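Let me begin by presenting the structure, written as structure tokens, before commenting on it.
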Amino acid sequence: MQTQQWLKKPWVWWLLLLLALLVSLSVGSVTVIFGQLFNSDSISYSIVWQLRLPRAFNAMLVGGCLALAGLLIQNLVKNPLADPYLLGVSGGAASCQLLVIMLGLSLSAEALFLIGFAGSLLATLLVLKLSYHGRIKPNKVTLNGVVMAFGFAAIISFMLSLADGQQIRSMMFWLMGDLSFAQPSWLMVVLLALCYALLRRQHSALDLLARGELFARKSGVHAERLNLMVFIMTALLTSMAVAQAGTIGFVGLIIPHIVRLLVGYQHRHLLSVTILAGALFLLIADTLARTVLSPIQLPVGIFTALVGVPVFLVLSRKI
Amino acid sequence: MLLADQLSVSLDNRPVLTRLSCQFQMGEFWGIVGQNGAGKSTLLQCMAGLLDPSTGQVWVDDENMHQLDPLSRAQKVAYLMQEQEPSLAFTVQQAVEMGRYPWPDNPENRQKITRQTLQDCRILNLQDRSILQLSGGERRKVEIATCLAQNSDYLLLDEPFNHLDVVYQRFLVKKLQSLSREKAVVMVCHDIDVVTKYCSHVLMLLGDDCYLSGDSATMLNEANLEELFNESH
């Protein structure tokens, strides 16, 4: 399939994102009256500025982080089935946070965020440590990550089978991803911007790494250092996304594939477009999740797959 | 000068090379011959600075290869792998341009050099194809072109003729011969006739820690060849 020149321009994606944001802010269980948007006493004011906008920002940030993490991990382990959760991140975070929910501890959102972040970071470091023999071996990461995921899945199932009805509902929401819960975090903005800036400088080295580690090394890339940097970035980005919104599946797996089909394989274009496309995708999915059966809110994970699968299948026919 | 000093390498605790010394100079065209598993590829990887020897050192222009940073290493030495690793679907033009990574050229210059290399290697017609859709021989040509685009002083090629048709084999060996006037070209090759006819020097890995090196006219004598073809190794 021919790559599209106009899709390589980030401003096209910014424009789409802005459009989606406007639509997302204006739809929902309560109809917004535009005349009252800047009247601080009205319902429209509080719904848009205090509920929908933070949630939309949250969706965009989490989507951008997950898509970037997916792009990086697929490059590192050279496996098209790899997604950010390969590093054991989701299991680690979910286990810790579910434990807190199950014990019935009433913690603040920030505390729950930090617990999830710590859990996922620990799980990731464990996977990386197990895969480290002088240097990190990507194929070991794949195997260890998959095995660890089974371990965590067992722990999670165990907790679910012990939990009572009300707990199960909030746990399930959490396992499938839920954006209504947290406020957008500035830490995440900083992290995403920092990762992007660092990676942007290394875009040709990332291209070389995509052709294999030995190829990168022989061509002059400090591959061990780059590998380590990228693994740490993936771990941080994913941990933060999971701590923020639960394990939203599919974004990190499918968005990098779709973007590669659209703009080609050079990281010069891939990095920015992947982040923006991830943000756009999750914003659309989350808007659907809260409007399709409104006022009932559905887990966003359902819609990432429902929207993502057909889009990917249509595109992949054109390869 | 690219120099190996008393190189010993073990892979998975199995000794592959034992105290091997050799030196490649500008203006020389080396052929490395030896049976499978004799350590030819291991030697090339060591000389390219990609594999650390257990003892001994590699020196390139009086600098220790293993203390150089990867970028200056790649400026000195270009290495052609025996088999390419699995990769994503870059175009031929993008792939060959990757050979310019060690050099800080501006974008136009980089494109110009890439185009020139594609032309010199007779693969300009492939430039927009995906490297995953090429035939084995075409892919080999792209890998060779990537190495040549790197324009390093020392070329280390691991079985460059693999998958190539006879026409291109002859074209390539002549090209390498002419390149060796201003560079040092070292290739692993299983075709003794090619080595005899084109290489100025030969390094024979005969097994049992026996290594012979020298100019090809005197080294490829009957006694040495008999040793090379000895089936008991």
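Numbering starts fresh at 1 for the residues of each chain in the structure tokens, the chains themselves are lettered A, B, ... in the order given, and ligands are numbered from 1 as they appear.
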
Spatial neighbours of Leu160 (chain A), max dist 10 Å, only C-alpha atoms, sep filter under 6 positions, as number ranges by chain: A: 98-99, 102, 154, 167-169, 171-172

Within 10 Å of chain A, which residues belong to chain B? Use only C-alpha atoms and report them as number ranges by chain. B: 45, 48-50, 69-75, 77-81, 84-91, 94-95, 98-103, 146-147, 150

Export of the given selection (N, CA and C atoms) as a CSV table (one decimal), in the first residue's frame:
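Wrote result09.csv, looks like this:
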chain,number,residue,atom,x,y,z
B,45,GLN,N,33.4,-10.7,12.8
B,45,GLN,CA,32.6,-9.9,13.8
B,45,GLN,C,33.5,-9.3,14.9
B,48,ALA,N,35.2,-6.4,13.3
B,48,ALA,CA,34.3,-5.3,13.2
B,48,ALA,C,34.0,-4.6,14.5
B,49,GLY,N,34.5,-5.2,15.6
B,49,GLY,CA,34.2,-4.6,16.9
B,49,GLY,C,32.8,-5.0,17.5
B,50,LEU,N,32.2,-6.0,16.9
B,50,LEU,CA,30.8,-6.4,17.3
B,50,LEU,C,30.8,-7.5,18.3
B,69,ASP,N,33.9,4.5,20.2
B,69,ASP,CA,32.4,4.5,20.3
B,69,ASP,C,31.8,4.0,19.0
B,70,PRO,N,30.6,3.5,19.1
B,70,PRO,CA,30.0,2.8,17.9
B,70,PRO,C,30.1,3.6,16.6
B,71,LEU,N,29.9,4.9,16.7
B,71,LEU,CA,29.9,5.7,15.5
B,71,LEU,C,31.2,5.8,14.8
B,72,SER,N,32.3,6.0,15.6
B,72,SER,CA,33.6,6.1,14.9
B,72,SER,C,34.0,4.7,14.4
B,73,ARG,N,33.5,3.7,15.1
B,73,ARG,CA,33.8,2.3,14.7
B,73,ARG,C,33.2,2.1,13.3
B,74,ALA,N,32.0,2.5,13.1
B,74,ALA,CA,31.3,2.3,11.9
B,74,ALA,C,31.9,3.2,10.8
B,75,GLN,N,32.5,4.3,11.2
B,75,GLN,CA,33.2,5.2,10.2
B,75,GLN,C,34.4,4.4,9.6
B,77,VAL,N,35.0,0.9,9.9
B,77,VAL,CA,34.8,-0.5,9.4
B,77,VAL,C,33.3,-0.7,8.9
B,78,ALA,N,33.1,-1.2,7.7
B,78,ALA,CA,31.8,-1.6,7.3
B,78,ALA,C,31.8,-3.1,7.3
B,79,TYR,N,30.7,-3.7,7.8
B,79,TYR,CA,30.6,-5.1,7.9
B,79,TYR,C,29.3,-5.6,7.2
B,80,LEU,N,29.5,-6.7,6.4
B,80,LEU,CA,28.3,-7.3,5.8
B,80,LEU,C,28.0,-8.6,6.5
B,81,MET,N,26.8,-8.7,7.0
B,81,MET,CA,26.4,-9.9,7.7
B,81,MET,C,26.2,-11.0,6.7
B,84,GLN,N,20.8,-11.6,6.8
B,84,GLN,CA,20.1,-10.4,7.3
B,84,GLN,C,19.1,-10.9,8.4
B,85,GLU,N,18.9,-10.1,9.4
B,85,GLU,CA,17.9,-10.4,10.4
B,85,GLU,C,16.5,-10.0,9.9
B,86,PRO,N,15.5,-10.5,10.5
B,86,PRO,CA,14.1,-10.1,10.1
B,86,PRO,C,14.0,-8.6,10.3
B,87,SER,N,13.2,-8.0,9.5
B,87,SER,CA,13.1,-6.5,9.5
B,87,SER,C,11.8,-6.0,9.1
B,88,LEU,N,11.5,-4.7,9.3
B,88,LEU,CA,10.3,-4.1,8.9
B,88,LEU,C,10.4,-3.7,7.4
B,89,ALA,N,9.3,-3.3,6.8
B,89,ALA,CA,9.3,-3.2,5.3
B,89,ALA,C,9.7,-1.8,4.9
B,90,PHE,N,11.0,-1.4,5.1
B,90,PHE,CA,11.5,-0.2,4.5
B,90,PHE,C,11.7,-0.3,3.0
B,91,THR,N,11.8,0.8,2.3
B,91,THR,CA,12.0,0.7,0.9
B,91,THR,C,13.5,0.6,0.7
B,94,GLN,N,15.4,3.7,1.3
B,94,GLN,CA,15.6,4.0,2.8
B,94,GLN,C,16.6,3.1,3.4
B,95,ALA,N,16.6,1.8,3.0
B,95,ALA,CA,17.5,0.9,3.5
B,95,ALA,C,19.0,1.2,3.2
B,98,MET,N,20.4,4.1,5.1
B,98,MET,CA,20.9,3.8,6.5
B,98,MET,C,22.4,3.6,6.6
B,99,GLY,N,23.0,3.2,5.5
B,99,GLY,CA,24.5,3.0,5.5
B,99,GLY,C,25.2,4.4,5.8
B,100,ARG,N,24.5,5.5,5.6
B,100,ARG,CA,25.1,6.8,5.9
B,100,ARG,C,25.0,7.2,7.3
B,101,TYR,N,24.3,6.4,8.2
B,101,TYR,CA,24.1,6.8,9.5
B,101,TYR,C,25.4,7.3,10.3
B,102,PRO,N,26.6,6.7,10.1
B,102,PRO,CA,27.7,7.2,10.8
B,102,PRO,C,28.2,8.5,10.4
B,103,TRP,N,27.8,9.0,9.3
B,103,TRP,CA,28.3,10.3,8.7
B,103,TRP,C,27.3,11.4,8.9
B,146,THR,N,24.3,-1.1,0.9
B,146,THR,CA,24.2,-0.4,2.2
B,146,THR,C,25.7,-0.3,2.8
B,147,CYS,N,26.4,-1.4,2.7
B,147,CYS,CA,27.8,-1.4,3.2
B,147,CYS,C,28.7,-0.5,2.4
B,150,GLN,N,28.3,3.2,3.2
B,150,GLN,CA,29.0,3.6,4.5
B,150,GLN,C,30.4,4.1,4.2

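Distances from A:Gly119, A:Gly301, A:Pro10, A:Gly104 to Phe250 (chain A) were compared using only C-alpha atoms, and the smallest one belongs to A:Gly301.
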
Quick one: residues within 12 Å of Thr117 (chain B), only C-alpha atoms counted, chain neighbours fewer than 4 positions away excluded, as a list of chain:residue names? B:Val92, B:Gln93, B:Ala95, B:Val96, B:Glu97, B:Gly99, B:Arg100, B:Arg110, B:Gln111, B:Lys112, B:Ile113, B:Cys121, B:Arg122, B:Ile123, B:Leu124, B:Gln127, B:Lys141, B:Val142, B:Glu143, B:Ile144, B:Ala145, B:Thr146, B:Cys147, B:Leu148, B:Ala149, B:Gln150, B:Asn151

Residues of region 86-279 of chain A classed as strand (DSSP E) by DSSP on the backbone are to be reported as a list in words. Tyr132, His133, Arg135 and Ile136 of chain A

Residues within 12 Å of Thr31 (chain A), please, as a VMD selection string. Count only C-alpha atoms; anything in the same chain fewer than 2 positions from it doesn't count. chain A and resid 24 to 29 33 to 34 36 to 37 43 to 45 47 to 48 291 294 to 295

Just write the chosen residues, N, CA and C atoms, as a PDB file, in the first residue's frame.
ATOM      1  N   SER A  24     -16.719  15.559  20.961  1.00  0.00           N
ATOM      2  CA  SER A  24     -16.776  14.845  22.233  1.00  0.00           C
ATOM      3  C   SER A  24     -17.329  15.722  23.351  1.00  0.00           C
ATOM      4  N   LEU A  25     -16.962  17.023  23.328  1.00  0.00           N
ATOM      5  CA  LEU A  25     -17.430  17.916  24.384  1.00  0.00           C
ATOM      6  C   LEU A  25     -18.923  18.209  24.254  1.00  0.00           C
ATOM      7  N   SER A  26     -19.430  18.136  23.009  1.00  0.00           N
ATOM      8  CA  SER A  26     -20.813  18.567  22.830  1.00  0.00           C
ATOM      9  C   SER A  26     -21.817  17.429  22.934  1.00  0.00           C
ATOM     10  N   VAL A  27     -21.380  16.176  22.907  1.00  0.00           N
ATOM     11  CA  VAL A  27     -22.350  15.083  23.022  1.00  0.00           C
ATOM     12  C   VAL A  27     -22.284  14.438  24.398  1.00  0.00           C
ATOM     13  N   GLY A  28     -23.394  13.815  24.773  1.00  0.00           N
ATOM     14  CA  GLY A  28     -23.442  13.151  26.065  1.00  0.00           C
ATOM     15  C   GLY A  28     -24.854  13.080  26.592  1.00  0.00           C
ATOM     16  N   SER A  29     -24.984  12.590  27.821  1.00  0.00           N
ATOM     17  CA  SER A  29     -26.327  12.375  28.355  1.00  0.00           C
ATOM     18  C   SER A  29     -27.045  13.688  28.632  1.00  0.00           C
ATOM     19  N   ILE A  33     -25.869  23.577  26.215  1.00  0.00           N
ATOM     20  CA  ILE A  33     -26.351  24.808  25.584  1.00  0.00           C
ATOM     21  C   ILE A  33     -25.156  25.734  25.427  1.00  0.00           C
ATOM     22  N   PHE A  34     -24.813  26.050  24.173  1.00  0.00           N
ATOM     23  CA  PHE A  34     -23.548  26.747  23.925  1.00  0.00           C
ATOM     24  C   PHE A  34     -23.532  28.150  24.486  1.00  0.00           C
ATOM     25  N   GLN A  36     -24.442  29.062  27.254  1.00  0.00           N
ATOM     26  CA  GLN A  36     -24.168  29.092  28.689  1.00  0.00           C
ATOM     27  C   GLN A  36     -22.772  28.588  29.043  1.00  0.00           C
ATOM     28  N   LEU A  37     -21.954  28.353  28.003  1.00  0.00           N
ATOM     29  CA  LEU A  37     -20.652  27.730  28.240  1.00  0.00           C
ATOM     30  C   LEU A  37     -19.764  28.548  29.169  1.00  0.00           C
ATOM     31  N   ILE A  43     -25.406  24.553  34.287  1.00  0.00           N
ATOM     32  CA  ILE A  43     -25.062  23.131  34.255  1.00  0.00           C
ATOM     33  C   ILE A  43     -24.089  22.861  33.119  1.00  0.00           C
ATOM     34  N   SER A  44     -24.357  23.500  31.959  1.00  0.00           N
ATOM     35  CA  SER A  44     -23.482  23.292  30.805  1.00  0.00           C
ATOM     36  C   SER A  44     -22.039  23.606  31.150  1.00  0.00           C
ATOM     37  N   TYR A  45     -21.846  24.690  31.892  1.00  0.00           N
ATOM     38  CA  TYR A  45     -20.492  25.109  32.260  1.00  0.00           C
ATOM     39  C   TYR A  45     -19.780  24.007  33.040  1.00  0.00           C
ATOM     40  N   ILE A  47     -20.565  20.835  33.360  1.00  0.00           N
ATOM     41  CA  ILE A  47     -20.433  19.560  32.646  1.00  0.00           C
ATOM     42  C   ILE A  47     -19.259  19.610  31.674  1.00  0.00           C
ATOM     43  N   VAL A  48     -19.181  20.675  30.897  1.00  0.00           N
ATOM     44  CA  VAL A  48     -18.118  20.727  29.889  1.00  0.00           C
ATOM     45  C   VAL A  48     -16.750  20.925  30.522  1.00  0.00           C
ATOM     46  N   THR A 291     -21.542   7.597  25.378  1.00  0.00           N
ATOM     47  CA  THR A 291     -22.754   8.112  24.732  1.00  0.00           C
ATOM     48  C   THR A 291     -23.655   7.041  24.121  1.00  0.00           C
ATOM     49  N   SER A 294     -26.086   5.935  26.680  1.00  0.00           N
ATOM     50  CA  SER A 294     -26.157   6.885  27.779  1.00  0.00           C
ATOM     51  C   SER A 294     -27.565   6.899  28.376  1.00  0.00           C
ATOM     52  N   PRO A 295     -27.740   7.070  29.660  1.00  0.00           N
ATOM     53  CA  PRO A 295     -26.693   7.479  30.608  1.00  0.00           C
ATOM     54  C   PRO A 295     -25.813   6.340  31.128  1.00  0.00           C
TER      55      PRO A 295
END

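Of the listed residues B:Asp105, B:Gly27, B:Arg19, B:Asn13, the one whose atoms come nearest to Ser178 (chain B) is B:Gly27, with distances taken using only C-alpha atoms.
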
Excluding Ser232 (chain B) and any residue of its chain fewer than 6 positions from it, enumerate the residues within 12 Å of it, using only C-alpha atoms, and give them as a PyMOL selection string. chain B and resi 35+206-208+226

Contacts of region 176-180 of chain A at 12 Å or less, counting only C-alpha atoms, minus same-chain residues fewer than 5 places along, as number ranges by chain? A: 50-63, 90, 94, 109, 169-171, 241-251, 282-283, 285-287, 289-290, 297-305

Which polymer residues have any atom within 6 Å of an atom of Ser200 (chain B), counting only C-alpha atoms, with same-chain residues fewer than 2 positions away left out, as an MDAnalysis selection string? chainID B and resid 29 215:216

I need the chosen residues saved as a CSV table (one decimal), in the first residue's frame, with N, CA and C atoms.
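Listing of part-v6.csv after writing:
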chain,number,residue,atom,x,y,z
B,29,PHE,N,43.4,-7.0,-0.9
B,29,PHE,CA,42.2,-7.7,-1.1
B,29,PHE,C,42.3,-9.1,-0.5
B,215,ASP,N,50.5,-13.6,0.9
B,215,ASP,CA,49.9,-13.2,-0.4
B,215,ASP,C,49.5,-14.5,-1.1
B,216,SER,N,48.4,-14.4,-1.9
B,216,SER,CA,47.7,-15.6,-2.4
B,216,SER,C,48.5,-16.4,-3.3

Please identify which residues in region 3-233 of chain B DSSP calls alpha helix (DSSP H) from the backbone, and express them as a ChimeraX atom specification. /B:40-47,70-76,92-97,107-120,136-149,166-179,192-198,216-219,222-228

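The space separating CA of Val185 (chain B) from CA of Ser21 (chain B) comes to 17.3 Å.
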
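Going from CA of Pro15 (chain B) over to CA of His190 (chain B), you cover 22.4 Å.
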
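Between Gly56 (chain B) and the residues B:Asp128, B:Cys22, B:Leu176, B:Glu83, the shortest atom-to-atom distance, using only C-alpha atoms, involves B:Cys22.
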
If I take CA of Arg317 (chain A) and CA of Ile258 (chain A), how far is one from the other in Å, to one decimal? 11.7 Å

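Using only C-alpha atoms, the shortest contact distance between Leu162 (chain A) and any of A:Ile275, A:Met148, A:Leu103, A:Gln183 is found at A:Leu103.
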